[in-house]
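Below: one structure, written as structure tokens.
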Amino acid sequence: MTLVKDSLPTARKTRSAASATAGRPARRRENLAGYLFMSPWIAGFLLLTAGPMVASLYFAFTDYNLFNTPKWVGFDNFTKMFDDPRWQKSVEVTAKYVVIGTPLKLLLALGVALLLAQSRRGQAFYRAAFYAPSLIGASVSIGFVWRSLFSDGAVVDRTQSFFGWHVGGWVGNADWVLYCLVALTVWQFGAPMVIFLAGLKQVPKELYEAAEMDGAGPFRKFWNITLPMISPVLFFNVLLETIHSFQIFASAYVVSNTACGPADATLVYTCYLYQQGFKNAQMGFASAMAWMLLLAVALVTAVLFWSQKKWVYYEEGAR
């Protein structure tokens, strides 16, 4: 009996080792199948994302015009960049677009989300209607439509003239053409609106009921309850829309009729990058610009993540 008892643990260990050994080929087959399914994505990432990024980092330190062999020039592209007046203009235009367009877009998205969060007739239709511009707003065709709307003698020009505001079409006016692009990005508020709606649905109704018992009005309830409770969603939208605004290209390029003007008024950063890389064949300079844009976006993102500790509220107390 004692020998049988003593042999049981040994037999169990032997069976466990045997099953583990037998299971290894099965796990290898499963892993191999997983890698095979992932191989298209891995190949696409290496060939279309990681590879071009490494190549552009090398080109950023070279004099390369797409036709001749790259010539190493060190930091010359970066020093030339800071001495270039048009590069400085592109930074100024992009910063102005981001600072004006992003807050207006988020304010409109939050305002419409607050209205649609209330139960009303035709709610599904209104949500779909307000979201639709986000699906088509970035297309080239919408850029052409927008340019037609804001040209001389078009709908916007005639409407503002009717009210006694004679400034002509915005597209041909260097003082107003950037606001045409801002209007286009604000019109595409549907995506952040949907995210705000999801956040508003998560606010406990008991908080509003308690605030009403204390005599709080609509503004106090919004400021002291709604805004803190949706602050994580607000942070996400601010981060996403800020990064998206830095990457504006198609609308500026199409609305300005590929000229990024007049007088470089719509010379956003990516538009000047495109001109240097593909029109002037200065791919080394364009690559340096691209990496500078990446560093700028990374810096802005880091500042936003740092600032969230001061204004983003998480229910579990983590900041």
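Please note that chains go A, B, ... in the order of the structure tokens, that every chain numbers its residues from 1, and that ligands are numbered from 1 in the order shown.
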
Tell me, counting only C-alpha atoms, for each residue of region 50-141 of chain A within 8 Å of region 249-273 of chain A, which pair of atoms is nearest and how far apart they are in Å to one decimal, in rows ordered by chain and increasing number, as a tab-separated table.
```
residue	atom	partner	partner_atom	distance
A:Arg86	CA	A:Tyr272	CA	7.9
A:Trp87	CA	A:Tyr272	CA	7.3
A:Lys89	CA	A:Leu267	CA	7.2
A:Ser90	CA	A:Tyr269	CA	4.8
A:Val91	CA	A:Tyr269	CA	6.0
A:Val93	CA	A:Val268	CA	5.6
A:Thr94	CA	A:Val268	CA	5.0
A:Ala138	CA	A:Ser251	CA	6.9
A:Ser139	CA	A:Ala250	CA	7.6
A:Val140	CA	A:Ala250	CA	6.7
```

List as an MDAnalysis selection string the protein and nucleic acid residues near Ala154 (chain A), meaning an atom at most 10 Å away when only C-alpha atoms are counted, but skip any in the same chain fewer than 4 places from it. chainID A and resid 147:150 158:159 168:170

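For the pair CA of Leu107 (chain A) and CA of Tyr313 (chain A), the interatomic distance is 19.2 Å.
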
Using DSSP assignments from the backbone, pull out every residue in region 43-160 of chain A that falls under helix (DSSP H, G or I) and give it to me as a PyMOL selection string. chain A and resi 43-59+76-82+85-116+123-136+140-149+155-160

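The smallest atom-to-atom distance between Pro218 (chain A) and any of A:Leu114, A:Phe236, A:Trp146, A:Asn173, using only C-alpha atoms, is found for A:Leu114.
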
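For Val312 (chain A), the list of residues within 10 Å, based on only C-alpha atoms and with local chain neighbours fewer than 5 positions off taken out, reads Leu227, Pro228, Met229, Ile230, Ser231, Pro232, Val233, Leu234, Phe235, Phe305, Ser307, Ala318 and Arg319 of chain A.
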
Could you jot down the CA of Phe285 (chain A) to CA of Phe59 (chain A) separation for me, Å, one decimal place? 8.1 Å

Interatomic distance, CA of Ala302 (chain A) to CA of Pro52 (chain A) (Å, one decimal): 24.6 Å

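Shortest atom-to-atom contact with Trp291 (chain A) among A:Phe78, A:Leu48, A:Lys105, A:Leu135: A:Phe78, counting only C-alpha atoms.
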
Counting only C-alpha atoms, what are the residues of region 48-166 of chain A within 10 Å of region 191-210 of chain A, and for each of them which pair of atoms is the nearest and at what distance in Å, to one decimal? Sort the table by chain and rising number, as CSV.
```
residue,atom,partner,partner_atom,distance
A:Lys105,CA,A:Pro192,CA,8.4
A:Leu106,CA,A:Pro192,CA,6.9
A:Leu107,CA,A:Met193,CA,9.5
A:Leu108,CA,A:Met193,CA,8.2
A:Ala109,CA,A:Met193,CA,4.4
A:Leu110,CA,A:Met193,CA,6.1
A:Gly111,CA,A:Met193,CA,8.5
A:Val112,CA,A:Met193,CA,7.0
A:Ala113,CA,A:Leu197,CA,5.3
A:Leu114,CA,A:Leu197,CA,7.4
A:Leu115,CA,A:Leu197,CA,9.5
A:Leu116,CA,A:Leu197,CA,7.6
A:Ala117,CA,A:Leu197,CA,6.3
A:Gln118,CA,A:Lys201,CA,9.8
A:Arg127,CA,A:Val194,CA,8.1
A:Ala128,CA,A:Val194,CA,9.7
A:Phe130,CA,A:Met193,CA,8.4
A:Tyr131,CA,A:Ala191,CA,6.4
A:Ala132,CA,A:Ala191,CA,9.0
A:Pro133,CA,A:Ala191,CA,9.0
A:Ser134,CA,A:Ala191,CA,6.0
A:Leu135,CA,A:Ala191,CA,8.6
```

Tell me, as a count of residues only, which residues lie within 8 Å of region 61-75 of chain A, counting only C-alpha atoms; anything in the same chain fewer than 3 positions away does not count. 10
